[in-house]
$ cat work25.pdb   # PDB, C-alpha atoms
ATOM      1  CA  ARG A   1       0.000   0.000   0.000
ATOM      2  CA  ALA A   2       1.368   3.396  -0.976
ATOM      3  CA  GLU A   3       1.743   6.252   1.487
ATOM      4  CA  LEU A   4       0.281   9.691   0.934
ATOM      5  CA  THR A   5       3.119  12.108   0.312
ATOM      6  CA  ASN A   6       3.413  15.640   1.632
ATOM      7  CA  ARG A   7       4.340  16.940  -1.820
ATOM      8  CA  ILE A   8       2.089  19.713  -3.056
ATOM      9  CA  ASP A   9       2.084  20.790  -6.687
ATOM     10  CA  ARG A  10       1.327  24.511  -6.631
ATOM     11  CA  THR A  11       0.571  26.642  -9.684
ATOM     12  CA  ILE A  12       0.596  30.424  -9.532
ATOM     13  CA  LEU A  13      -2.102  31.760 -11.838
ATOM     14  CA  THR A  14      -1.187  34.927 -13.700
ATOM     15  CA  GLY A  15      -3.029  37.266 -16.016
ATOM     16  CA  ALA A  16      -6.446  38.889 -15.673
ATOM     17  CA  THR A  17      -8.219  35.532 -16.058
ATOM     18  CA  ALA A  18      -6.949  32.002 -15.592
ATOM     19  CA  ALA A  19      -8.583  28.590 -15.814
ATOM     20  CA  PHE A  20      -7.745  25.307 -14.114
ATOM     21  CA  THR A  21      -9.131  21.761 -14.025
ATOM     22  CA  SER A  22      -8.520  18.672 -11.934
ATOM     23  CA  PRO A  23      -5.503  16.590 -12.981
ATOM     24  CA  ASN A  24      -6.157  14.358 -16.027
ATOM     25  CA  TYR A  25      -9.445  16.171 -16.801
ATOM     26  CA  PRO A  26     -11.664  15.030 -18.501
ATOM     27  CA  SER A  27     -10.399  11.546 -17.535
ATOM     28  CA  PHE A  28     -10.520  10.235 -13.972
ATOM     29  CA  TYR A  29      -8.021  11.536 -11.448
ATOM     30  CA  GLN A  30      -5.628   9.368  -9.455
ATOM     31  CA  GLU A  31      -5.293   8.775  -5.727
ATOM     32  CA  GLY A  32      -2.751  10.770  -3.748
ATOM     33  CA  VAL A  33      -3.143  14.033  -5.680
ATOM     34  CA  ASN A  34      -2.500  17.348  -3.929
ATOM     35  CA  ASN A  35      -2.616  20.168  -6.471
ATOM     36  CA  CYS A  36      -3.107  23.822  -5.573
ATOM     37  CA  TRP A  37      -3.751  26.900  -7.681
ATOM     38  CA  GLN A  38      -3.115  30.364  -6.291
ATOM     39  CA  LYS A  39      -4.267  33.746  -7.568
ATOM     40  CA  THR A  40      -3.166  37.088  -6.167
ATOM     41  CA  PRO A  41      -5.191  40.000  -7.539
ATOM     42  CA  ALA A  42      -3.645  43.167  -8.875
ATOM     43  CA  LEU A  43      -3.491  45.939  -6.270
ATOM     44  CA  GLY A  44      -6.991  47.299  -5.658
ATOM     45  CA  SER A  45      -8.682  44.336  -7.379
ATOM     46  CA  ALA A  46     -10.530  41.237  -6.213
ATOM     47  CA  VAL A  47     -10.475  37.597  -7.314
ATOM     48  CA  LYS A  48     -13.708  36.199  -8.739
ATOM     49  CA  LEU A  49     -13.849  32.410  -8.555
ATOM     50  CA  SER A  50     -16.284  30.825 -11.032
ATOM     51  CA  PHE A  51     -17.091  27.155 -11.569
ATOM     52  CA  SER A  52     -18.711  26.121 -14.854
ATOM     53  CA  ALA A  53     -19.127  22.547 -13.571
ATOM     54  CA  PHE A  54     -18.336  20.635 -10.381
ATOM     55  CA  ASN A  55     -18.089  16.856  -9.877
ATOM     56  CA  VAL A  56     -15.563  15.925  -7.219
ATOM     57  CA  GLY A  57     -15.280  12.680  -5.318
ATOM     58  CA  TYR A  58     -18.786  11.845  -4.277
ATOM     59  CA  ASP A  59     -21.887  10.518  -5.957
ATOM     60  CA  ILE A  60     -25.431   9.842  -4.869
ATOM     61  CA  GLY A  61     -26.206   6.128  -4.496
ATOM     62  CA  ASN A  62     -28.920   3.917  -3.037
ATOM     63  CA  PHE A  63     -27.825   4.790   0.499
ATOM     64  CA  GLY A  64     -27.230   8.510   0.077
ATOM     65  CA  TRP A  65     -23.843  10.183  -0.402
ATOM     66  CA  GLN A  66     -21.028   7.729  -1.051
ATOM     67  CA  ASN A  67     -17.347   8.585  -0.954
ATOM     68  CA  LEU A  68     -15.970   7.294  -4.260
ATOM     69  CA  ASN A  69     -12.302   8.028  -3.664
ATOM     70  CA  GLN A  70     -12.152  10.607  -0.908
ATOM     71  CA  ALA A  71     -11.638  13.578  -3.225
ATOM     72  CA  PHE A  72     -12.423  17.177  -2.362
ATOM     73  CA  ILE A  73     -11.272  20.740  -2.891
ATOM     74  CA  THR A  74     -10.337  23.340  -0.339
ATOM     75  CA  ILE A  75     -10.719  27.058  -0.865
ATOM     76  CA  ASN A  76      -8.796  29.556   1.229
ATOM     77  CA  PRO A  77      -9.926  32.011   2.435
ATOM     78  CA  PRO A  78     -13.121  30.129   3.287
ATOM     79  CA  ILE A  79     -16.427  30.976   1.594
ATOM     80  CA  ASN A  80     -19.131  31.712   4.157
ATOM     81  CA  GLY A  81     -17.061  29.907   6.802
ATOM     82  CA  THR A  82     -16.545  26.754   4.707
ATOM     83  CA  LYS A  83     -13.297  25.733   3.044
ATOM     84  CA  LYS A  84     -13.812  22.030   2.114
ATOM     85  CA  PHE A  85     -16.154  21.156  -0.773
ATOM     86  CA  TRP A  86     -17.234  18.035  -2.701
ATOM     87  CA  GLY A  87     -20.214  16.752  -4.642
ATOM     88  CA  ASN A  88     -21.570  16.441  -8.137
ATOM     89  CA  LYS A  89     -23.354  19.742  -8.712
ATOM     90  CA  LEU A  90     -23.018  23.398  -7.828
ATOM     91  CA  ASN A  91     -24.849  25.420  -5.208
ATOM     92  CA  VAL A  92     -25.693  22.567  -2.817
ATOM     93  CA  SER A  93     -24.501  22.485   0.791
ATOM     94  CA  THR A  94     -21.331  20.425   0.119
ATOM     95  CA  SER A  95     -20.241  22.151  -3.090
ATOM     96  CA  PRO A  96     -18.940  25.664  -3.722
ATOM     97  CA  PRO A  97     -21.125  28.415  -5.154
ATOM     98  CA  ALA A  98     -20.949  28.804  -8.929
ATOM     99  CA  ASN A  99     -19.504  32.317  -8.425
ATOM    100  CA  HIS A 100     -17.848  34.050  -5.498
ATOM    101  CA  ILE A 101     -16.018  37.386  -5.300
ATOM    102  CA  PHE A 102     -13.400  37.619  -2.556
ATOM    103  CA  ARG A 103     -12.403  40.787  -0.706
ATOM    104  CA  MET A 104     -10.191  43.289  -2.478
ATOM    105  CA  ASP A 105      -6.448  42.446  -2.434
ATOM    106  CA  GLN A 106      -7.116  38.957  -1.006
ATOM    107  CA  ARG A 107      -4.990  36.051  -2.295
ATOM    108  CA  VAL A 108      -7.071  32.930  -3.099
ATOM    109  CA  THR A 109      -5.850  29.333  -3.054
ATOM    110  CA  VAL A 110      -7.844  26.367  -4.384
ATOM    111  CA  CYS A 111      -6.474  22.886  -3.678
ATOM    112  CA  PHE A 112      -7.662  19.614  -5.204
ATOM    113  CA  LYS A 113      -6.907  16.571  -3.045
ATOM    114  CA  THR A 114      -7.469  12.847  -3.312
ATOM    115  CA  GLN A 115      -6.651  10.379  -0.577
ATOM    116  CA  TYR A 116      -5.828   6.693  -0.579
ATOM    117  CA  HIS A 117      -8.606   4.451   0.663
TER
END
$ encode --input "work25.pdb" --output "structure tokens"
Amino acid sequence: RAELTNRIDRTILTGATAAFTSPNYPSFYQEGVNNCWQKTPALGSAVKLSFSAFNVGYDIGNFGWQNLNQAFITINPPINGTKKFWGNKLNVSTSPPANHIFRMDQRVTVCFKTQYH
């Protein structure tokens, strides 16, 4: 059995707009992934985080939510007090909002993580 490493792949997003997807998108992602994307706004500006789709780690089954491979994202600073999100659609209690504007001059980090099961 493999061990989860502490290695984090971090990407600094530059430019006025930047897009990112989970590793291997649109194919399935692997276990043991820890990728982060970071955006620092220009002075006097704010970061707007927008999701066009969201399907991370969980699916609805016969017995309710099932953890398919313990995948989730974290968003820092938290959105409405929450920083860990998962699910298969936007704007439900476990997933992030489709759009969120952070405070002016606030750096935003989104991390995509999968764990071994």
$ residues_around --input "work25.pdb" --residues "Thr114 in chain A" --least-positions-apart "6" --cutoff "9 Å" --atoms "all atoms listed in the file" --output "PDB file with C-alpha atoms, keeping the file's coordinate frame"
ATOM      1  CA  TYR A  29      -8.021  11.536 -11.448  1.00  0.00           C
ATOM      2  CA  GLN A  30      -5.628   9.368  -9.455  1.00  0.00           C
ATOM      3  CA  GLU A  31      -5.293   8.775  -5.727  1.00  0.00           C
ATOM      4  CA  GLY A  32      -2.751  10.770  -3.748  1.00  0.00           C
ATOM      5  CA  VAL A  33      -3.143  14.033  -5.680  1.00  0.00           C
ATOM      6  CA  ASN A  34      -2.500  17.348  -3.929  1.00  0.00           C
ATOM      7  CA  GLY A  57     -15.280  12.680  -5.318  1.00  0.00           C
ATOM      8  CA  ASN A  69     -12.302   8.028  -3.664  1.00  0.00           C
ATOM      9  CA  GLN A  70     -12.152  10.607  -0.908  1.00  0.00           C
ATOM     10  CA  ALA A  71     -11.638  13.578  -3.225  1.00  0.00           C
ATOM     11  CA  PHE A  72     -12.423  17.177  -2.362  1.00  0.00           C
ATOM     12  CA  ILE A  73     -11.272  20.740  -2.891  1.00  0.00           C
TER      13      ILE A  73
END
$ atom_distance --input "work25.pdb" --atom1 "CA of Leu43 in chain A" --atom2 "CA of Leu13 in chain A"
15.3 Å
$ closest_residue --input "work25.pdb" --among "A:Val47, A:Ala98, A:Cys36, A:Val92" --to "Lys113 in chain A" --atoms "all atoms listed in the file"
A:Cys36
$ resolve_selection --input "work25.pdb" --expression "the PyMOL selection byres ((chain A and resi 55) around 10)" --output "mmCIF file with C-alpha atoms, in the frame of the given file"
data_model
loop_
_atom_site.group_PDB
_atom_site.id
_atom_site.type_symbol
_atom_site.label_atom_id
_atom_site.label_comp_id
_atom_site.auth_asym_id
_atom_site.auth_seq_id
_atom_site.Cartn_x
_atom_site.Cartn_y
_atom_site.Cartn_z
ATOM 1 C CA SER A 22 -8.520 18.672 -11.934
ATOM 2 C CA ALA A 53 -19.127 22.547 -13.571
ATOM 3 C CA PHE A 54 -18.336 20.635 -10.381
ATOM 4 C CA VAL A 56 -15.563 15.925 -7.219
ATOM 5 C CA GLY A 57 -15.280 12.680 -5.318
ATOM 6 C CA TYR A 58 -18.786 11.845 -4.277
ATOM 7 C CA ASP A 59 -21.887 10.518 -5.957
ATOM 8 C CA ALA A 71 -11.638 13.578 -3.225
ATOM 9 C CA PHE A 72 -12.423 17.177 -2.362
ATOM 10 C CA TRP A 86 -17.234 18.035 -2.701
ATOM 11 C CA GLY A 87 -20.214 16.752 -4.642
ATOM 12 C CA ASN A 88 -21.570 16.441 -8.137
ATOM 13 C CA LYS A 89 -23.354 19.742 -8.712
ATOM 14 C CA LEU A 90 -23.018 23.398 -7.828
ATOM 15 C CA SER A 95 -20.241 22.151 -3.090
#
$ resolve_selection --input "work25.pdb" --expression "the PyMOL selection byres ((chain A and resi 42) around 10)" --output "ChimeraX atom specification"
/A:14-16,39-41,43-47,104-107
$ atom_distance --input "work25.pdb" --atom1 "CA of Ser27 in chain A" --atom2 "CA of Thr82 in chain A"
27.6 Å
$ closest_residue --input "work25.pdb" --among "A:Pro97, A:Asn35, A:Asn24, A:Ala18" --to "Cys111 in chain A" --atoms "only C-alpha atoms"
A:Asn35
$ residues_near_point --input "work25.pdb" --point "(-4.1, 27.2, -11.7)" --cutoff "6 Å" --atoms "all atoms listed in the file" --output "PyMOL selection string"
chain A and resi 11+13+20+37
$ atom_distance --input "work25.pdb" --atom1 "CA of Lys83 in chain A" --atom2 "CA of Val108 in chain A"
11.3 Å
$ resolve_selection --input "work25.pdb" --expression "the PyMOL selection byres ((chain A and resi 99) around 8)" --output "VMD selection string"
chain A and resid 48 to 51 97 to 98 100 to 101
$ closest_residue --input "work25.pdb" --among "A:Thr94, A:Thr21, A:Ile12, A:Gly81" --to "Phe112 in chain A" --atoms "only C-alpha atoms"
A:Thr21
$ closest_residue --input "work25.pdb" --among "A:Thr109, A:Gln115, A:Ser93, A:Thr17" --to "Ile75 in chain A" --atoms "only C-alpha atoms"
A:Thr109
$ decode --input "work25.pdb" --residues "range 71-85 of chain A" --atoms "all heavy atoms" --output "PDB file, in the first residue's frame"
ATOM      1  N   ALA A  71     -12.144  12.390  -2.540  1.00  0.00           N
ATOM      2  CA  ALA A  71     -11.638  13.578  -3.225  1.00  0.00           C
ATOM      3  C   ALA A  71     -12.442  14.792  -2.803  1.00  0.00           C
ATOM      4  O   ALA A  71     -13.636  14.694  -2.521  1.00  0.00           O
ATOM      5  CB  ALA A  71     -11.717  13.393  -4.740  1.00  0.00           C
ATOM      6  N   PHE A  72     -11.761  15.932  -2.739  1.00  0.00           N
ATOM      7  CA  PHE A  72     -12.423  17.177  -2.362  1.00  0.00           C
ATOM      8  C   PHE A  72     -11.545  18.338  -2.776  1.00  0.00           C
ATOM      9  O   PHE A  72     -10.387  18.149  -3.171  1.00  0.00           O
ATOM     10  CB  PHE A  72     -12.694  17.223  -0.848  1.00  0.00           C
ATOM     11  CG  PHE A  72     -11.457  17.046  -0.004  1.00  0.00           C
ATOM     12  CD1 PHE A  72     -10.724  18.136   0.421  1.00  0.00           C
ATOM     13  CD2 PHE A  72     -11.038  15.781   0.361  1.00  0.00           C
ATOM     14  CE1 PHE A  72      -9.578  17.975   1.193  1.00  0.00           C
ATOM     15  CE2 PHE A  72      -9.899  15.604   1.139  1.00  0.00           C
ATOM     16  CZ  PHE A  72      -9.168  16.703   1.560  1.00  0.00           C
ATOM     17  N   ILE A  73     -12.082  19.544  -2.712  1.00  0.00           N
ATOM     18  CA  ILE A  73     -11.272  20.740  -2.891  1.00  0.00           C
ATOM     19  C   ILE A  73     -11.335  21.554  -1.606  1.00  0.00           C
ATOM     20  O   ILE A  73     -12.293  21.438  -0.834  1.00  0.00           O
ATOM     21  CB  ILE A  73     -11.703  21.606  -4.094  1.00  0.00           C
ATOM     22  CG1 ILE A  73     -13.085  22.230  -3.871  1.00  0.00           C
ATOM     23  CG2 ILE A  73     -11.646  20.820  -5.394  1.00  0.00           C
ATOM     24  CD1 ILE A  73     -13.400  23.362  -4.837  1.00  0.00           C
ATOM     25  N   THR A  74     -10.311  22.350  -1.406  1.00  0.00           N
ATOM     26  CA  THR A  74     -10.337  23.340  -0.339  1.00  0.00           C
ATOM     27  C   THR A  74     -10.158  24.705  -0.973  1.00  0.00           C
ATOM     28  O   THR A  74      -9.464  24.847  -1.988  1.00  0.00           O
ATOM     29  CB  THR A  74      -9.230  23.111   0.716  1.00  0.00           C
ATOM     30  OG1 THR A  74      -7.949  23.165   0.078  1.00  0.00           O
ATOM     31  CG2 THR A  74      -9.409  21.775   1.424  1.00  0.00           C
ATOM     32  N   ILE A  75     -10.829  25.678  -0.397  1.00  0.00           N
ATOM     33  CA  ILE A  75     -10.719  27.058  -0.865  1.00  0.00           C
ATOM     34  C   ILE A  75     -10.335  27.911   0.331  1.00  0.00           C
ATOM     35  O   ILE A  75     -10.972  27.849   1.377  1.00  0.00           O
ATOM     36  CB  ILE A  75     -12.043  27.558  -1.480  1.00  0.00           C
ATOM     37  CG1 ILE A  75     -12.433  26.683  -2.680  1.00  0.00           C
ATOM     38  CG2 ILE A  75     -11.935  29.023  -1.885  1.00  0.00           C
ATOM     39  CD1 ILE A  75     -13.790  27.001  -3.264  1.00  0.00           C
ATOM     40  N   ASN A  76      -9.278  28.680   0.167  1.00  0.00           N
ATOM     41  CA  ASN A  76      -8.796  29.556   1.229  1.00  0.00           C
ATOM     42  C   ASN A  76      -8.553  30.936   0.658  1.00  0.00           C
ATOM     43  O   ASN A  76      -7.844  31.050  -0.323  1.00  0.00           O
ATOM     44  CB  ASN A  76      -7.516  28.989   1.835  1.00  0.00           C
ATOM     45  CG  ASN A  76      -7.214  29.620   3.179  1.00  0.00           C
ATOM     46  OD1 ASN A  76      -8.079  30.175   3.834  1.00  0.00           O
ATOM     47  ND2 ASN A  76      -5.967  29.539   3.571  1.00  0.00           N
ATOM     48  N   PRO A  77      -9.142  31.972   1.219  1.00  0.00           N
ATOM     49  CA  PRO A  77      -9.926  32.011   2.435  1.00  0.00           C
ATOM     50  C   PRO A  77     -11.272  31.317   2.255  1.00  0.00           C
ATOM     51  O   PRO A  77     -11.780  31.198   1.135  1.00  0.00           O
ATOM     52  CB  PRO A  77     -10.097  33.497   2.724  1.00  0.00           C
ATOM     53  CG  PRO A  77      -9.855  34.179   1.436  1.00  0.00           C
ATOM     54  CD  PRO A  77      -8.964  33.307   0.618  1.00  0.00           C
ATOM     55  N   PRO A  78     -11.846  30.839   3.359  1.00  0.00           N
ATOM     56  CA  PRO A  78     -13.121  30.129   3.287  1.00  0.00           C
ATOM     57  C   PRO A  78     -14.241  30.986   2.693  1.00  0.00           C
ATOM     58  O   PRO A  78     -14.197  32.215   2.763  1.00  0.00           O
ATOM     59  CB  PRO A  78     -13.433  29.805   4.752  1.00  0.00           C
ATOM     60  CG  PRO A  78     -12.108  29.855   5.437  1.00  0.00           C
ATOM     61  CD  PRO A  78     -11.323  30.909   4.716  1.00  0.00           C
ATOM     62  N   ILE A  79     -15.233  30.317   2.119  1.00  0.00           N
ATOM     63  CA  ILE A  79     -16.427  30.976   1.594  1.00  0.00           C
ATOM     64  C   ILE A  79     -17.556  30.742   2.593  1.00  0.00           C
ATOM     65  O   ILE A  79     -17.915  29.592   2.857  1.00  0.00           O
ATOM     66  CB  ILE A  79     -16.803  30.415   0.204  1.00  0.00           C
ATOM     67  CG1 ILE A  79     -15.691  30.713  -0.804  1.00  0.00           C
ATOM     68  CG2 ILE A  79     -18.140  30.989  -0.271  1.00  0.00           C
ATOM     69  CD1 ILE A  79     -15.902  30.093  -2.165  1.00  0.00           C
ATOM     70  N   ASN A  80     -18.063  31.809   3.153  1.00  0.00           N
ATOM     71  CA  ASN A  80     -19.131  31.712   4.157  1.00  0.00           C
ATOM     72  C   ASN A  80     -18.784  30.723   5.270  1.00  0.00           C
ATOM     73  O   ASN A  80     -19.613  29.939   5.712  1.00  0.00           O
ATOM     74  CB  ASN A  80     -20.462  31.327   3.505  1.00  0.00           C
ATOM     75  CG  ASN A  80     -20.893  32.334   2.469  1.00  0.00           C
ATOM     76  OD1 ASN A  80     -20.715  33.534   2.648  1.00  0.00           O
ATOM     77  ND2 ASN A  80     -21.447  31.853   1.375  1.00  0.00           N
ATOM     78  N   GLY A  81     -17.509  30.747   5.703  1.00  0.00           N
ATOM     79  CA  GLY A  81     -17.061  29.907   6.802  1.00  0.00           C
ATOM     80  C   GLY A  81     -16.708  28.482   6.426  1.00  0.00           C
ATOM     81  O   GLY A  81     -16.312  27.697   7.274  1.00  0.00           O
ATOM     82  N   THR A  82     -16.836  28.120   5.156  1.00  0.00           N
ATOM     83  CA  THR A  82     -16.545  26.754   4.707  1.00  0.00           C
ATOM     84  C   THR A  82     -15.361  26.764   3.759  1.00  0.00           C
ATOM     85  O   THR A  82     -15.278  27.610   2.876  1.00  0.00           O
ATOM     86  CB  THR A  82     -17.773  26.152   3.988  1.00  0.00           C
ATOM     87  OG1 THR A  82     -18.880  26.180   4.886  1.00  0.00           O
ATOM     88  CG2 THR A  82     -17.519  24.724   3.543  1.00  0.00           C
ATOM     89  N   LYS A  83     -14.431  25.802   3.961  1.00  0.00           N
ATOM     90  CA  LYS A  83     -13.297  25.733   3.044  1.00  0.00           C
ATOM     91  C   LYS A  83     -13.152  24.393   2.341  1.00  0.00           C
ATOM     92  O   LYS A  83     -12.394  24.269   1.406  1.00  0.00           O
ATOM     93  CB  LYS A  83     -12.005  26.127   3.733  1.00  0.00           C
ATOM     94  CG  LYS A  83     -11.487  25.177   4.764  1.00  0.00           C
ATOM     95  CD  LYS A  83     -10.218  25.749   5.377  1.00  0.00           C
ATOM     96  CE  LYS A  83      -9.174  24.708   5.579  1.00  0.00           C
ATOM     97  NZ  LYS A  83      -7.892  25.240   5.961  1.00  0.00           N
ATOM     98  N   LYS A  84     -13.898  23.346   2.746  1.00  0.00           N
ATOM     99  CA  LYS A  84     -13.812  22.030   2.114  1.00  0.00           C
ATOM    100  C   LYS A  84     -15.116  21.748   1.370  1.00  0.00           C
ATOM    101  O   LYS A  84     -16.200  21.872   1.934  1.00  0.00           O
ATOM    102  CB  LYS A  84     -13.575  20.962   3.176  1.00  0.00           C
ATOM    103  CG  LYS A  84     -13.374  19.567   2.618  1.00  0.00           C
ATOM    104  CD  LYS A  84     -13.059  18.591   3.748  1.00  0.00           C
ATOM    105  CE  LYS A  84     -12.871  17.186   3.244  1.00  0.00           C
ATOM    106  NZ  LYS A  84     -12.554  16.256   4.340  1.00  0.00           N
ATOM    107  N   PHE A  85     -14.985  21.359   0.080  1.00  0.00           N
ATOM    108  CA  PHE A  85     -16.154  21.156  -0.773  1.00  0.00           C
ATOM    109  C   PHE A  85     -16.022  19.860  -1.572  1.00  0.00           C
ATOM    110  O   PHE A  85     -14.927  19.479  -1.959  1.00  0.00           O
ATOM    111  CB  PHE A  85     -16.304  22.320  -1.750  1.00  0.00           C
ATOM    112  CG  PHE A  85     -16.489  23.649  -1.081  1.00  0.00           C
ATOM    113  CD1 PHE A  85     -15.405  24.488  -0.857  1.00  0.00           C
ATOM    114  CD2 PHE A  85     -17.745  24.068  -0.674  1.00  0.00           C
ATOM    115  CE1 PHE A  85     -15.571  25.720  -0.235  1.00  0.00           C
ATOM    116  CE2 PHE A  85     -17.926  25.299  -0.062  1.00  0.00           C
ATOM    117  CZ  PHE A  85     -16.836  26.124   0.166  1.00  0.00           C
TER     118      PHE A  85
END
